[in-house]
file start14.txt (compact mmCIF, C-alpha atoms)
# COMPACT_ATOMS: atom_id res chain seq x y z
CA MET A 1 161.51 51.59 202.20
CA PHE A 2 161.95 53.98 205.14
CA LYS A 3 159.20 52.11 206.96
CA ARG A 4 161.16 48.85 206.58
CA ILE A 5 164.37 50.45 207.84
CA ARG A 6 162.49 51.97 210.77
CA SER A 7 160.95 48.57 211.55
CA LYS A 8 164.38 46.90 211.51
CA LEU A 9 165.79 49.53 213.87
CA ASP A 10 162.81 49.07 216.19
CA ASP A 11 163.35 45.30 216.14
CA MET A 12 167.03 45.73 217.04
CA GLY A 13 166.00 47.85 220.01
CA THR A 14 163.43 45.25 221.06
CA ILE A 15 165.98 42.42 220.83
CA LYS A 16 168.48 44.43 222.87
CA ARG A 17 165.84 45.10 225.55
CA LEU A 18 164.72 41.46 225.50
CA CYS A 19 168.28 40.14 225.96
CA GLU A 20 169.07 42.63 228.72
CA ARG A 21 165.86 41.83 230.62
CA ALA A 22 166.43 38.07 230.17
CA GLU A 23 169.91 38.42 231.66
CA ILE A 24 168.56 40.40 234.62
CA HIS A 25 165.91 37.74 235.27
CA ALA A 26 168.57 35.01 235.02
CA LEU A 27 170.85 36.78 237.51
CA HIS A 28 167.93 37.18 239.93
CA ASP A 29 167.45 33.43 239.48
CA GLN A 30 171.13 32.87 240.45
CA GLN A 31 172.07 31.91 236.88
CA ARG A 32 174.56 33.66 234.62
CA GLU A 33 173.10 32.48 231.33
CA PRO A 34 169.44 33.18 230.56
CA GLY A 35 167.30 30.20 229.59
CA GLY A 36 163.96 30.08 227.82
CA GLU A 37 162.11 30.84 231.08
CA HIS A 38 164.08 34.08 231.47
CA PHE A 39 163.28 35.11 227.90
CA LEU A 40 159.61 34.44 228.66
CA LEU A 41 159.79 36.70 231.72
CA ALA A 42 161.60 39.28 229.60
CA ALA A 43 158.87 39.13 226.93
CA LEU A 44 156.34 40.01 229.63
CA ASP A 45 158.39 43.15 230.34
CA LEU A 46 158.24 44.41 226.73
CA PRO A 47 156.15 47.56 226.40
CA ASP A 48 154.03 46.28 223.47
CA GLY A 49 152.02 44.23 226.00
CA THR A 50 151.32 41.36 223.59
CA ALA A 51 153.10 38.73 225.72
CA ARG A 52 150.91 39.61 228.69
CA LEU A 53 147.86 39.56 226.42
CA ALA A 54 148.77 36.05 225.19
CA PHE A 55 148.99 34.84 228.80
CA GLU A 56 145.67 36.43 229.71
CA GLN A 57 143.93 35.00 226.65
CA ALA A 58 145.28 31.54 227.56
CA GLY A 59 143.78 31.96 231.04
CA ALA A 60 147.11 32.47 232.83
CA GLU A 61 148.19 35.21 235.22
CA PRO A 62 151.45 36.66 233.81
CA GLY A 63 152.55 37.92 237.21
CA ALA A 64 152.49 34.37 238.59
CA LEU A 65 155.07 32.99 236.13
CA LYS A 66 158.13 33.67 238.27
CA ALA A 67 156.64 31.83 241.23
CA ALA A 68 155.63 28.94 238.94
CA ILE A 69 159.22 28.63 237.69
CA GLU A 70 160.44 28.39 241.28
CA ARG A 71 157.66 25.96 242.19
CA GLN A 72 158.49 23.49 239.42
CA TYR A 73 162.03 23.14 240.88
CA GLY A 74 160.50 22.32 244.27
CA ASP A 75 158.07 19.90 242.64
CA ALA A 76 160.95 18.16 240.85
CA LEU A 77 162.82 17.70 244.14
CA LEU A 78 159.63 16.51 245.81
CA SER A 79 159.17 13.91 243.06
CA ILE A 80 162.29 12.16 244.37
CA GLY A 81 161.22 12.60 247.98
CA LEU A 82 163.46 15.57 248.77
CA THR A 83 162.43 18.78 250.45
CA ALA A 84 164.92 21.60 250.91
CA ASP A 85 164.73 25.12 252.24
CA ALA A 86 165.91 27.53 249.57
CA PRO A 87 169.51 28.49 250.38
CA PRO A 88 170.10 32.25 250.70
CA ASP A 89 170.50 34.10 247.43
CA ILE A 90 174.01 35.32 246.80
CA PRO A 91 174.26 37.85 243.96
CA VAL A 92 175.60 36.37 240.73
CA SER A 93 177.53 38.63 238.38
CA ALA A 94 177.03 38.60 234.63
CA HIS A 95 179.56 37.12 232.21
CA SER A 96 182.07 39.63 231.03
CA GLY A 97 182.44 39.84 227.27
CA ALA A 98 180.03 38.45 224.68
CA TYR A 99 176.42 37.73 225.57
CA GLN A 100 175.92 34.09 226.49
CA ALA A 101 172.63 32.26 226.89
CA ALA A 102 171.83 28.80 228.25
CA ALA A 103 170.90 26.11 225.73
CA SER A 104 167.17 26.85 225.80
CA GLY A 105 167.89 30.58 225.57
CA GLN A 106 170.06 29.95 222.51
CA VAL A 107 167.15 28.12 220.85
CA VAL A 108 164.93 31.16 221.44
CA MET A 109 167.52 33.55 219.99
CA GLN A 110 168.15 31.31 216.96
CA GLU A 111 164.43 30.99 216.20
CA LEU A 112 163.95 34.74 216.57
CA ALA A 113 166.81 35.31 214.13
CA GLU A 114 165.49 32.75 211.63
CA ALA A 115 161.99 34.28 211.65
CA ARG A 116 163.13 37.92 211.67
CA ARG A 117 161.74 38.63 208.17
CA ASP A 118 158.26 37.73 209.43
CA HIS A 119 158.42 40.21 212.31
CA ALA A 120 156.72 43.45 211.43
CA PRO A 121 157.56 44.49 214.08
CA LEU A 122 159.00 42.04 216.62
CA LEU A 123 156.51 41.64 219.48
CA GLY A 124 156.50 39.96 222.86
CA ALA A 125 153.95 37.52 221.41
CA HIS A 126 156.58 36.27 218.91
CA VAL A 127 158.84 35.39 221.84
CA VAL A 128 155.97 33.73 223.74
CA SER A 129 155.15 31.63 220.67
CA ILE A 130 158.73 30.35 220.40
CA VAL A 131 159.25 29.75 224.12
CA ALA A 132 155.86 28.07 224.61
CA GLY A 133 156.85 25.67 221.81
CA LEU A 134 159.89 24.34 223.72
CA PRO A 135 158.99 20.67 224.21
CA GLN A 136 161.05 19.94 227.34
CA GLY A 137 162.69 21.66 230.25
CA VAL A 138 161.85 24.31 232.79
CA VAL A 139 159.41 26.25 230.57
CA PRO A 140 156.78 23.57 229.91
CA ARG A 141 157.04 22.43 233.52
CA ALA A 142 156.59 25.99 234.81
CA LEU A 143 153.64 26.60 232.48
CA ARG A 144 151.97 23.43 233.70
CA ALA A 145 152.65 24.54 237.31
CA LEU A 146 150.93 27.80 236.34
CA GLY A 147 147.94 25.78 235.13
CA VAL A 148 148.33 26.68 231.48
CA ASP A 149 148.72 24.33 228.55
CA PRO A 150 151.84 25.38 226.57
CA ALA A 151 150.05 24.60 223.28
CA SER A 152 147.16 26.90 224.23
CA LEU A 153 149.59 29.67 225.14
CA LYS A 154 151.38 29.24 221.82
CA SER A 155 148.04 29.38 219.96
CA SER A 156 147.08 32.58 221.78
CA ALA A 157 150.45 34.14 220.95
CA ASP A 158 150.20 33.07 217.28
CA ALA A 159 146.70 34.55 217.03
CA ILE A 160 147.95 37.89 218.39
CA VAL A 161 150.89 37.85 215.97
CA GLY A 162 148.48 37.05 213.11
CA LYS A 163 146.27 40.03 213.96
CA SER A 164 149.25 42.40 214.16
CA SER A 165 150.74 41.37 210.80
CA PRO A 166 150.13 43.85 207.97
CA MET B 1 165.99 16.22 257.43
CA ASP B 2 165.41 13.92 254.52
CA ASP B 3 166.70 10.39 254.75
CA LEU B 4 168.75 9.97 251.57
CA ARG B 5 167.89 6.26 251.61
CA ASN B 6 164.32 7.32 250.91
CA ILE B 7 165.09 9.17 247.69
CA ALA B 8 163.10 7.56 244.93
CA ILE B 9 164.52 7.89 241.42
CA PRO B 10 161.66 8.31 238.95
CA THR B 11 161.43 5.77 236.14
CA ASP B 12 159.87 8.38 233.85
CA PRO B 13 162.85 10.08 232.13
CA GLU B 14 161.15 13.48 232.03
CA GLU B 15 160.64 13.40 235.80
CA ALA B 16 164.13 12.04 236.43
CA LEU B 17 165.79 14.71 234.26
CA ALA B 18 163.75 17.49 235.86
CA ALA B 19 164.97 16.22 239.24
CA VAL B 20 168.56 16.31 237.97
CA VAL B 21 168.15 19.95 236.89
CA ALA B 22 166.62 20.89 240.25
CA LEU B 23 169.37 19.05 242.17
CA ARG B 24 172.12 20.81 240.15
CA ARG B 25 170.50 24.17 240.84
CA LEU B 26 170.23 23.35 244.54
CA ALA B 27 173.86 22.17 244.58
CA ASP B 28 174.99 25.41 242.91
CA ARG B 29 173.22 27.47 245.56
CA ILE B 30 174.57 25.38 248.41
CA GLU B 31 178.05 25.71 246.88
CA ARG B 32 177.87 29.51 246.62
CA GLY B 33 176.67 29.82 250.21
CA ALA B 34 179.30 27.45 251.54
CA VAL B 35 182.12 29.11 249.61
CA ARG B 36 181.07 32.52 250.89
CA SER B 37 181.07 31.20 254.46
CA ALA B 38 184.47 29.60 253.93
CA LEU B 39 185.97 32.84 252.56
CA GLN B 40 184.47 34.81 255.44
CA GLN B 41 186.19 32.35 257.81
CA GLY B 42 189.50 33.06 256.12
CA TRP B 43 189.81 30.04 253.87
CA SER B 44 192.19 30.47 250.92
CA TRP B 45 191.02 29.78 247.36
CA SER B 46 193.43 26.82 247.33
CA ARG B 47 191.66 25.31 250.32
CA VAL B 48 188.20 25.99 248.82
CA ALA B 49 189.30 24.39 245.55
CA LEU B 50 190.68 21.35 247.32
CA ALA B 51 187.42 20.91 249.24
CA LEU B 52 185.45 21.11 245.99
CA GLY B 53 187.78 18.75 244.18
CA VAL B 54 188.66 21.25 241.44
CA THR B 55 191.67 23.37 240.56
CA LYS B 56 192.14 26.74 242.21
CA GLN B 57 191.76 28.39 238.79
CA ALA B 58 188.48 26.58 238.12
CA ALA B 59 187.07 27.47 241.54
CA HIS B 60 188.08 31.10 241.22
CA LYS B 61 186.74 31.41 237.67
CA ARG B 62 183.31 30.05 238.63
CA LEU B 63 182.95 31.51 242.12
CA SER B 64 185.05 34.67 242.31
CA ASP B 65 181.91 36.82 242.47
CA VAL B 66 181.03 35.28 245.83
CA ALA B 67 181.94 38.26 248.00
CA ALA B 68 183.50 37.34 251.33
CA ASP B 69 182.82 40.68 252.97
CA ASP B 70 179.02 40.62 252.60
CA SER B 71 177.45 39.26 255.75
CA SER B 72 173.88 39.24 254.40
CA ALA B 73 174.03 35.51 253.56

call {"tool": "encode", "arguments": {"input": "start14.txt", "output": "structure tokens"}}
result
Amino acid sequence: MFKRIRSKLDDMGTIKRLCERAEIHALHDQQREPGGEHFLLAALDLPDGTARLAFEQAGAEPGALKAAIERQYGDALLSIGLTADAPPDIPVSAHSGAYQAAASGQVVMQELAEARRDHAPLLGAHVVSIVAGLPQGVVPRALRALGVDPASLKSSADAIVGKSSP
Amino acid sequence: MDDLRNIAIPTDPEEALAAVVALRRLADRIERGAVRSALQQGWSWSRVALALGVTKQAAHKRLSDVAADDSSA
């Protein structure tokens, strides 16, 4: 009983840290609302280390994700024949009031909420599994730019989650 | 400089939509830089809004965090 309560409290702390880190990554990326890619970066920051482990087991360098996200934007512009120097970064301030995520970030938060009973406890690998399963958008493009198959990354994350379950 | 006549629109929807996302992101960054420059040159929010084709309230709501006194940009 106490173990379950303790686990829930730990999960709440993990979600709070995840959302705060995702917002920081989004703001660094000149966006107010974190998307799936920012939650993936945030998962890599979690102290349990399982998100990083999932990347490493899928043959990807976790520290290269941020550059891969940036690169896929450049690749997308190049696909239409456009090259552009990155304009200077101008700090973006966070939304005041309630936490707001971009559409892909909302999917991540909804799936985390729906699967919360299965988290014992919530790990970075759970987040990686959800984000790597996004079928379209910046995340799968960034993962491909990183040289990792999203399905392989999801499998690695699921295997880590499976081993950590009681 | 790219010749806009040479922009090729991908027929694959995934590629085309990814290009749209990247263009919007680029446009947002260009907008923030240009608005900061305009404010540093003494433009009013009304003038900025007019140039962007939006209301003053809409421009201010979206871009008010673009500080005019920071010369790092």

call {"tool": "closest_residue", "arguments": {"input": "start14.txt", "among": "B:Ala8, B:Glu31, B:Leu39, B:Pro13", "to": "A:Pro87", "atoms": "only C-alpha atoms"}}
result
B:Glu31

call {"tool": "closest_residue", "arguments": {"input": "start14.txt", "among": "A:Val131, A:Ile80, A:Val148, A:Gln136", "to": "B:Thr11", "atoms": "only C-alpha atoms"}}
result
A:Ile80

call {"tool": "interface_residues", "arguments": {"input": "start14.txt", "of": "chain A", "to": "chain B", "cutoff": "9 Å", "atoms": "only C-alpha atoms", "output": "PyMOL selection string"}}
result
chain A and resi 30-31+72-84+86-93+136-138+141

call {"tool": "write_last_selection", "arguments": {"input": "start14.txt", "atoms": "C-alpha atoms", "output": "compact mmCIF listing (two decimals), in the coordinates of the input"}}
result
# COMPACT_ATOMS: atom_id res chain seq x y z
CA GLN A 30 171.13 32.87 240.45
CA GLN A 31 172.07 31.91 236.88
CA GLN A 72 158.49 23.49 239.42
CA TYR A 73 162.03 23.14 240.88
CA GLY A 74 160.50 22.32 244.27
CA ASP A 75 158.07 19.90 242.64
CA ALA A 76 160.95 18.16 240.85
CA LEU A 77 162.82 17.70 244.14
CA LEU A 78 159.63 16.51 245.81
CA SER A 79 159.17 13.91 243.06
CA ILE A 80 162.29 12.16 244.37
CA GLY A 81 161.22 12.60 247.98
CA LEU A 82 163.46 15.57 248.77
CA THR A 83 162.43 18.78 250.45
CA ALA A 84 164.92 21.60 250.91
CA ALA A 86 165.91 27.53 249.57
CA PRO A 87 169.51 28.49 250.38
CA PRO A 88 170.10 32.25 250.70
CA ASP A 89 170.50 34.10 247.43
CA ILE A 90 174.01 35.32 246.80
CA PRO A 91 174.26 37.85 243.96
CA VAL A 92 175.60 36.37 240.73
CA SER A 93 177.53 38.63 238.38
CA GLN A 136 161.05 19.94 227.34
CA GLY A 137 162.69 21.66 230.25
CA VAL A 138 161.85 24.31 232.79
CA ARG A 141 157.04 22.43 233.52

call {"tool": "atom_distance", "arguments": {"input": "start14.txt", "atom1": "atom CA of A:Ile130", "atom2": "atom CA of A:Ala98"}}
result
23.2 Å

call {"tool": "atom_distance", "arguments": {"input": "start14.txt", "atom1": "atom CA of A:Asp118", "atom2": "atom CA of A:Leu46"}}
result
18.5 Å

call {"tool": "atom_distance", "arguments": {"input": "start14.txt", "atom1": "atom CA of A:Met109", "atom2": "atom CA of A:Ala22"}}
result
11.2 Å

call {"tool": "axis_aligned_box", "arguments": {"input": "start14.txt", "around": "stretch 24-31 of chain B", "padding_each_side": "5 Å", "output": "AutoDock Vina command-line options"}}
result
--center_x 174.1 --center_y 24.1 --center_z 244.3 --size_x 17.8 --size_y 16.7 --size_z 18.3

call {"tool": "closest_residue", "arguments": {"input": "start14.txt", "among": "A:Ala43, A:Ala102, A:Ala94, A:Ile5", "to": "B:Arg62", "atoms": "only C-alpha atoms"}}
result
A:Ala94

call {"tool": "decode", "arguments": {"input": "start14.txt", "residues": "stretch 110-130 of chain A", "atoms": "N, CA, C and O atoms", "output": "CSV table (one decimal), in the first residue's frame"}}
result
chain,number,residue,atom,x,y,z
A,110,GLN,N,-1.0,12.6,-23.1
A,110,GLN,CA,-2.2,11.7,-23.0
A,110,GLN,C,-1.9,10.3,-22.9
A,110,GLN,O,-2.4,9.6,-22.1
A,111,GLU,N,-0.9,9.8,-23.7
A,111,GLU,CA,-0.5,8.4,-23.6
A,111,GLU,C,0.1,8.0,-22.3
A,111,GLU,O,-0.1,6.9,-21.8
A,112,LEU,N,0.9,9.0,-21.8
A,112,LEU,CA,1.5,8.7,-20.4
A,112,LEU,C,0.4,8.6,-19.4
A,112,LEU,O,0.5,7.8,-18.5
A,113,ALA,N,-0.6,9.5,-19.5
A,113,ALA,CA,-1.7,9.5,-18.5
A,113,ALA,C,-2.5,8.2,-18.6
A,113,ALA,O,-2.9,7.6,-17.6
A,114,GLU,N,-2.8,7.7,-19.9
A,114,GLU,CA,-3.6,6.5,-20.1
A,114,GLU,C,-2.9,5.3,-19.6
A,114,GLU,O,-3.5,4.3,-19.1
A,115,ALA,N,-1.5,5.3,-19.7
A,115,ALA,CA,-0.8,4.1,-19.3
A,115,ALA,C,-0.2,4.2,-17.9
A,115,ALA,O,0.6,3.4,-17.5
A,116,ARG,N,-0.7,5.2,-17.1
A,116,ARG,CA,0.0,5.4,-15.8
A,116,ARG,C,-0.1,4.2,-14.8
A,116,ARG,O,0.8,4.1,-14.0
A,117,ARG,N,-1.1,3.4,-15.0
A,117,ARG,CA,-1.2,2.3,-14.0
A,117,ARG,C,-0.2,1.2,-14.3
A,117,ARG,O,0.2,0.4,-13.5
A,118,ASP,N,0.4,1.3,-15.5
A,118,ASP,CA,1.4,0.3,-15.9
A,118,ASP,C,2.8,0.7,-15.5
A,118,ASP,O,3.8,0.0,-15.6
A,119,HIS,N,2.9,2.0,-15.1
A,119,HIS,CA,4.2,2.5,-14.7
A,119,HIS,C,4.6,2.2,-13.3
A,119,HIS,O,3.9,2.6,-12.4
A,120,ALA,N,5.6,1.4,-13.1
A,120,ALA,CA,6.0,1.1,-11.7
A,120,ALA,C,7.5,1.0,-11.6
A,120,ALA,O,8.1,0.0,-11.5
A,121,PRO,N,8.2,2.2,-11.5
A,121,PRO,CA,7.7,3.5,-11.7
A,121,PRO,C,7.8,4.0,-13.1
A,121,PRO,O,8.2,3.3,-14.0
A,122,LEU,N,7.4,5.3,-13.3
A,122,LEU,CA,7.5,5.9,-14.6
A,122,LEU,C,9.0,6.1,-14.9
A,122,LEU,O,9.7,6.7,-14.1
A,123,LEU,N,9.4,5.7,-16.1
A,123,LEU,CA,10.8,5.8,-16.5
A,123,LEU,C,11.0,6.5,-17.8
A,123,LEU,O,10.0,6.7,-18.6
A,124,GLY,N,12.2,7.0,-18.1
A,124,GLY,CA,12.5,7.6,-19.3
A,124,GLY,C,12.2,6.7,-20.5
A,124,GLY,O,11.7,7.2,-21.6
A,125,ALA,N,12.4,5.4,-20.3
A,125,ALA,CA,12.1,4.5,-21.4
A,125,ALA,C,10.6,4.4,-21.8
A,125,ALA,O,10.3,4.2,-22.9
A,126,HIS,N,9.7,4.7,-20.8
A,126,HIS,CA,8.3,4.7,-21.1
A,126,HIS,C,8.0,5.9,-22.1
A,126,HIS,O,7.3,5.8,-23.1
A,127,VAL,N,8.7,7.0,-21.8
A,127,VAL,CA,8.5,8.2,-22.7
A,127,VAL,C,9.1,7.9,-24.1
A,127,VAL,O,8.5,8.2,-25.1
A,128,VAL,N,10.3,7.3,-24.1
A,128,VAL,CA,10.9,7.0,-25.4
A,128,VAL,C,10.0,6.1,-26.2
A,128,VAL,O,9.8,6.3,-27.4
A,129,SER,N,9.4,5.1,-25.6
A,129,SER,CA,8.5,4.2,-26.3
A,129,SER,C,7.4,4.9,-26.9
A,129,SER,O,7.0,4.6,-28.1
A,130,ILE,N,6.7,5.8,-26.2
A,130,ILE,CA,5.6,6.6,-26.8
A,130,ILE,C,6.1,7.5,-27.9
A,130,ILE,O,5.5,7.5,-29.0
